[in-house]
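The structure under discussion appears below in the form of structure tokens.
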Amino acid sequence: HPSLGGLALQLSAHGYAQLPGPRWGLDDETILPEQLVAHVAVAGTGAERFAQRAEFLTGPHRRTWLEWRAAQLGRFYQRVEDELKAVRPRTRLYLAGADMLSGPELQRQLRPALGRRTTIAETLLSVGIDVEHYRRPDGPVLLRAESLCPLGPLRLQAVNLEVRQMPDVDHCFAALPTPGSLFCQQPEQLAVPSFDQKSPFRRTHTALFAHPVPSDRQNRRRLVHSLASIDAQVMLDGGWLLPLGQEDSIRDLVAAYRRLPAVRFWQVAEPADRQSAQPVTIRYATFEGQTYVYAANDSPIPTTARVQLDAPIGCRLEELSGTRSVAPLEYDGQGCSWTVDLEPYDLVAVRLGSPKVRLFAPQ
């Protein structure tokens, strides 16, 4: 079908698209054919071979074992991608891991604890995903997954909050050739016991599921953060059902994002003598003879950004969403600059009619 853009595989701790913990895969079919795992001879013979292998591969050679498993899985997904492109060359394979960290073993490891700090790379490696195997420009797209839960007790959101603040979570996915985000919105479940009591049928259980959506500017927060942190070229948003409501709050943002080319954007670096703690991220890219620029305000306060440009005289600036107005380029005796006003969690994207544009010195 003309609209087919690719295939998404759902990675889940309760499925078959990823591996269980490090103690999985010690069977004879996996180990015995070569007796080698990443050039390491695997110990273990006789009736006690499984316990010996477990001690050997989860002890001194644990890292080697995990990397070998991840390499096998990486080659499998590359094969799936190759077979998919043999049918339709321009399609992509997306690895969507909304529930990949939901297993009981991982949940115990990720629960916040004093004196313990893990990384997203180590966590993914324990389930067979090594980010290094997904750096091919034409390979599978590994999405950064984020589970969005309705407001409730913090103990139910502890793991999600811990994953968001891991020190390497942004760098890990921003370095991929096609950065992407998956936002999985968890439903709110409501039981109606009084209805069940009056039901003429026995053992009925009524459950209502709803997808509450953040209101107003909070509904833009996840999208803007994904752009500001990893320059996401792909964003998947949904859940058990299609979340409905608050479309007006993201209408202009989505319109601008869809008109940006799916290429690498380069961040405008701040001067070395200025701390990089500002809320606005400005990036630009050259595509088909034009320069695209976007400014993302990843904060809950309105702000104004100003950036200097090297641009030809008379270079035309066009706002991409078509729903808002922006200030034109300002020329003075010392050069050219552009000033943009940003609302909380806001995105402004523009296009300049020349490929010979350089941005620098953001304020």
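To be explicit about the labels: the chains of the structure tokens are called A, B, and onward in the order shown, and within each one the residues are counted from 1, while ligands get numbers from 1 in the order they are shown.
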Neighbour list for A:Leu156 as a compact mmCIF listing (two decimals) with N, CA, C and O atoms, in the first residue's frame, cut-off 12 Å, only C-alpha atoms, skip fewer than 5 positions in-chain:
```txt
# COMPACT_ATOMS: atom_id res chain seq x y z
N SER A 102 9.37 -3.73 31.86
CA SER A 102 8.28 -4.02 32.79
C SER A 102 8.40 -5.38 33.48
O SER A 102 7.53 -5.74 34.25
N GLN A 107 12.23 -4.50 37.13
CA GLN A 107 11.56 -3.56 38.02
C GLN A 107 12.27 -3.48 39.36
O GLN A 107 12.41 -2.40 39.94
N ARG A 111 14.19 0.11 40.67
CA ARG A 111 13.56 0.88 41.75
C ARG A 111 14.60 1.76 42.42
O ARG A 111 15.71 1.32 42.70
N PRO A 112 14.26 3.02 42.69
CA PRO A 112 15.25 3.94 43.29
C PRO A 112 15.78 3.40 44.61
O PRO A 112 15.04 2.89 45.45
N SER A 147 7.09 5.73 29.13
CA SER A 147 5.75 5.35 29.58
C SER A 147 5.15 6.51 30.36
O SER A 147 5.72 6.96 31.35
N LEU A 148 4.00 6.99 29.92
CA LEU A 148 3.33 8.12 30.54
C LEU A 148 2.14 7.62 31.34
O LEU A 148 1.21 7.05 30.78
N CYS A 149 2.19 7.82 32.65
CA CYS A 149 1.14 7.32 33.53
C CYS A 149 0.27 8.47 34.02
O CYS A 149 0.76 9.59 34.21
N PRO A 150 -1.02 8.20 34.24
CA PRO A 150 -1.87 9.22 34.86
C PRO A 150 -1.38 9.53 36.27
O PRO A 150 -0.61 8.78 36.86
N LEU A 151 -1.85 10.66 36.78
CA LEU A 151 -1.45 11.04 38.14
C LEU A 151 -1.88 9.96 39.13
O LEU A 151 -2.99 9.45 39.06
N LEU A 161 10.15 7.27 36.54
CA LEU A 161 10.89 8.46 36.94
C LEU A 161 12.38 8.17 37.01
O LEU A 161 13.21 9.02 36.65
N GLU A 162 12.75 6.99 37.47
CA GLU A 162 14.16 6.62 37.56
C GLU A 162 14.79 6.53 36.17
O GLU A 162 15.92 6.98 35.95
N GLN A 186 -0.35 5.25 29.30
CA GLN A 186 -1.04 4.20 30.03
C GLN A 186 -2.48 4.62 30.34
O GLN A 186 -2.74 5.78 30.66
```
Expected answer as a ChimeraX atom specification: strand (DSSP E or B) residues in stretch 77-244 of chain A: /A:92-99,141-142,144-148,180-185,188-191,207-210,234-239
Long-range neighbours of stretch 327-332 of chain A as a count of residues only, 10 Å cut-off, only C-alpha atoms, 5 positions minimum in chain: 16
Non-local contacts of A:Arg53 (10 Å; only C-alpha atoms; under 3 positions in same chain excluded) as a VMD selection string: chain A and resid 23 25 to 27 31 42 to 45 48 to 50 56 to 59
Picked from stretch 31-140 of chain A by DSSP as helix (DSSP H, G or I), as number ranges by chain: A: 31, 46-57, 62-87, 104-110, 120-125, 131-134
Non-local contacts of A:His205 (9 Å; only C-alpha atoms; under 5 positions in same chain excluded) as a list in words: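 Using only C-alpha atoms, the neighbours found are Ala191, Val192, Pro193, Phe195 and Asp196 of chain A.
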Print the selection's residues with C-alpha atoms to a file, as an mmCIF file, in the first residue's frame.
```cif
data_model
loop_
_atom_site.group_PDB
_atom_site.id
_atom_site.type_symbol
_atom_site.label_atom_id
_atom_site.label_comp_id
_atom_site.auth_asym_id
_atom_site.auth_seq_id
_atom_site.Cartn_x
_atom_site.Cartn_y
_atom_site.Cartn_z
ATOM 1 C CA ALA A 191 -14.015 -0.466 38.295
ATOM 2 C CA VAL A 192 -17.772 -0.125 38.887
ATOM 3 C CA PRO A 193 -18.635 -2.667 41.643
ATOM 4 C CA PHE A 195 -22.973 -1.984 38.587
ATOM 5 C CA ASP A 196 -21.675 -5.559 38.922
#
```
Residue with smallest distance to A:Leu182 - pool A:Ser226, A:Ser12, A:Thr303, A:Ser194, counting only C-alpha atoms: A:Ser226
Distance in Å - atom CA of A:Ser215 versus atom CA of A:Pro344: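 Rounded to one decimal, the two atoms are 12.9 Å apart.
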Nearest to A:Pro2, chosen from A:Leu176, A:Ala17, A:Met235, A:Arg88, with only C-alpha atoms counted in the distances: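 Smallest separation from A:Pro2 among the options: A:Arg88.
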Env of A:Thr123: 12 Å cut, atoms = only C-alpha atoms, seq-sep filter 4 positions within chain, self excluded. Answer as a PDB file with N, CA and C atoms, in the first residue's frame.
```
ATOM      1  N   LEU A  19      15.338 -10.382  24.953  1.00  0.00           N
ATOM      2  CA  LEU A  19      15.796 -11.529  25.740  1.00  0.00           C
ATOM      3  C   LEU A  19      15.466 -11.336  27.213  1.00  0.00           C
ATOM      4  N   PRO A  20      15.248 -12.440  27.922  1.00  0.00           N
ATOM      5  CA  PRO A  20      15.106 -12.331  29.374  1.00  0.00           C
ATOM      6  C   PRO A  20      16.440 -11.987  30.027  1.00  0.00           C
ATOM      7  N   GLY A  21      16.555 -12.224  31.333  1.00  0.00           N
ATOM      8  CA  GLY A  21      17.744 -11.839  32.074  1.00  0.00           C
ATOM      9  C   GLY A  21      18.983 -12.621  31.681  1.00  0.00           C
ATOM     10  N   PRO A  22      20.129 -12.293  32.287  1.00  0.00           N
ATOM     11  CA  PRO A  22      21.412 -12.912  31.915  1.00  0.00           C
ATOM     12  C   PRO A  22      21.447 -14.421  32.078  1.00  0.00           C
ATOM     13  N   LEU A  66      26.786 -11.019  27.880  1.00  0.00           N
ATOM     14  CA  LEU A  66      25.705 -10.109  27.521  1.00  0.00           C
ATOM     15  C   LEU A  66      25.953  -9.468  26.159  1.00  0.00           C
ATOM     16  N   MET A 100       9.450  -2.831  27.538  1.00  0.00           N
ATOM     17  CA  MET A 100      10.644  -3.660  27.615  1.00  0.00           C
ATOM     18  C   MET A 100      11.250  -3.685  29.016  1.00  0.00           C
ATOM     19  N   LEU A 101      10.923  -2.729  29.872  1.00  0.00           N
ATOM     20  CA  LEU A 101      11.475  -2.687  31.224  1.00  0.00           C
ATOM     21  C   LEU A 101      10.441  -3.058  32.274  1.00  0.00           C
ATOM     22  N   SER A 102       9.367  -3.729  31.862  1.00  0.00           N
ATOM     23  CA  SER A 102       8.275  -4.019  32.792  1.00  0.00           C
ATOM     24  C   SER A 102       8.400  -5.376  33.476  1.00  0.00           C
ATOM     25  N   GLY A 103       9.435  -6.149  33.190  1.00  0.00           N
ATOM     26  CA  GLY A 103       9.611  -7.446  33.842  1.00  0.00           C
ATOM     27  C   GLY A 103       9.911  -7.298  35.318  1.00  0.00           C
ATOM     28  N   GLU A 105      12.116  -8.713  37.272  1.00  0.00           N
ATOM     29  CA  GLU A 105      13.536  -8.608  37.612  1.00  0.00           C
ATOM     30  C   GLU A 105      14.067  -7.202  37.350  1.00  0.00           C
ATOM     31  N   LEU A 106      13.710  -6.653  36.180  1.00  0.00           N
ATOM     32  CA  LEU A 106      14.145  -5.298  35.870  1.00  0.00           C
ATOM     33  C   LEU A 106      13.488  -4.270  36.777  1.00  0.00           C
ATOM     34  N   GLN A 107      12.235  -4.500  37.129  1.00  0.00           N
ATOM     35  CA  GLN A 107      11.555  -3.564  38.017  1.00  0.00           C
ATOM     36  C   GLN A 107      12.269  -3.478  39.363  1.00  0.00           C
ATOM     37  N   ARG A 108      12.742  -4.618  39.861  1.00  0.00           N
ATOM     38  CA  ARG A 108      13.489  -4.601  41.119  1.00  0.00           C
ATOM     39  C   ARG A 108      14.817  -3.867  40.957  1.00  0.00           C
ATOM     40  N   GLN A 109      15.486  -4.073  39.839  1.00  0.00           N
ATOM     41  CA  GLN A 109      16.776  -3.418  39.619  1.00  0.00           C
ATOM     42  C   GLN A 109      16.639  -1.912  39.469  1.00  0.00           C
ATOM     43  N   LEU A 110      15.526  -1.463  38.890  1.00  0.00           N
ATOM     44  CA  LEU A 110      15.378  -0.049  38.568  1.00  0.00           C
ATOM     45  C   LEU A 110      14.707   0.762  39.664  1.00  0.00           C
ATOM     46  N   ARG A 117      23.347   3.508  41.244  1.00  0.00           N
ATOM     47  CA  ARG A 117      23.058   4.254  40.030  1.00  0.00           C
ATOM     48  C   ARG A 117      23.418   3.391  38.826  1.00  0.00           C
ATOM     49  N   THR A 118      22.450   3.145  38.000  1.00  0.00           N
ATOM     50  CA  THR A 118      22.678   2.377  36.789  1.00  0.00           C
ATOM     51  C   THR A 118      22.467   3.273  35.583  1.00  0.00           C
ATOM     52  N   THR A 119      22.784   2.776  34.413  1.00  0.00           N
ATOM     53  CA  THR A 119      22.635   3.554  33.188  1.00  0.00           C
ATOM     54  C   THR A 119      21.649   2.849  32.270  1.00  0.00           C
ATOM     55  N   VAL A 127      18.787  -7.041  28.582  1.00  0.00           N
ATOM     56  CA  VAL A 127      17.682  -7.681  27.850  1.00  0.00           C
ATOM     57  C   VAL A 127      18.037  -7.891  26.380  1.00  0.00           C
ATOM     58  N   GLY A 128      19.326  -7.804  26.064  1.00  0.00           N
ATOM     59  CA  GLY A 128      19.776  -8.144  24.722  1.00  0.00           C
ATOM     60  C   GLY A 128      19.844  -6.998  23.742  1.00  0.00           C
ATOM     61  N   ILE A 129      19.764  -5.758  24.198  1.00  0.00           N
ATOM     62  CA  ILE A 129      19.812  -4.606  23.304  1.00  0.00           C
ATOM     63  C   ILE A 129      21.088  -3.813  23.579  1.00  0.00           C
ATOM     64  N   ASP A 130      21.993  -3.809  22.606  1.00  0.00           N
ATOM     65  CA  ASP A 130      23.206  -3.002  22.673  1.00  0.00           C
ATOM     66  C   ASP A 130      23.071  -1.897  21.636  1.00  0.00           C
ATOM     67  N   VAL A 131      23.049  -0.655  22.100  1.00  0.00           N
ATOM     68  CA  VAL A 131      22.814   0.478  21.203  1.00  0.00           C
ATOM     69  C   VAL A 131      23.848   0.527  20.083  1.00  0.00           C
ATOM     70  N   GLU A 162      12.748   6.986  37.470  1.00  0.00           N
ATOM     71  CA  GLU A 162      14.163   6.621  37.555  1.00  0.00           C
ATOM     72  C   GLU A 162      14.794   6.535  36.167  1.00  0.00           C
ATOM     73  N   VAL A 163      14.059   5.967  35.211  1.00  0.00           N
ATOM     74  CA  VAL A 163      14.595   5.840  33.860  1.00  0.00           C
ATOM     75  C   VAL A 163      14.789   7.219  33.231  1.00  0.00           C
ATOM     76  N   MET A 166      18.126   8.892  34.288  1.00  0.00           N
ATOM     77  CA  MET A 166      19.405   8.209  34.115  1.00  0.00           C
ATOM     78  C   MET A 166      20.383   9.143  33.411  1.00  0.00           C
ATOM     79  N   ASP A 168      22.675   8.873  31.186  1.00  0.00           N
ATOM     80  CA  ASP A 168      23.048   8.713  29.778  1.00  0.00           C
ATOM     81  C   ASP A 168      21.850   8.550  28.853  1.00  0.00           C
ATOM     82  N   VAL A 169      20.633   8.770  29.341  1.00  0.00           N
ATOM     83  CA  VAL A 169      19.461   8.427  28.543  1.00  0.00           C
ATOM     84  C   VAL A 169      19.355   9.303  27.293  1.00  0.00           C
ATOM     85  N   CYS A 172      22.518   8.497  24.844  1.00  0.00           N
ATOM     86  CA  CYS A 172      22.442   7.146  24.295  1.00  0.00           C
ATOM     87  C   CYS A 172      21.622   7.125  23.006  1.00  0.00           C
TER      88      CYS A 172
END
```
Distance of atom CA of A:Ala98 from atom CA of A:His14, expressed in Å to one decimal place: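 Between atom CA of A:His14 and atom CA of A:Ala98 the gap is 11.4 Å.
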Residues near A:Asp248, cut-off 10 Å, only C-alpha atoms, skip fewer than 5 positions along chain, as an NGL selection string: :A and (216 or 219 or 253)
Option closest in space to A:Cys184, from A:Trp65, A:Lys356, A:Glu343, A:Gln10 [counting only C-alpha atoms]: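 Of the candidates, the smallest distance to A:Cys184 is held by A:Gln10.
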Distance of atom CA of A:Gly6 from atom CA of A:Thr91, expressed in Å to one decimal place: 4.4 Å
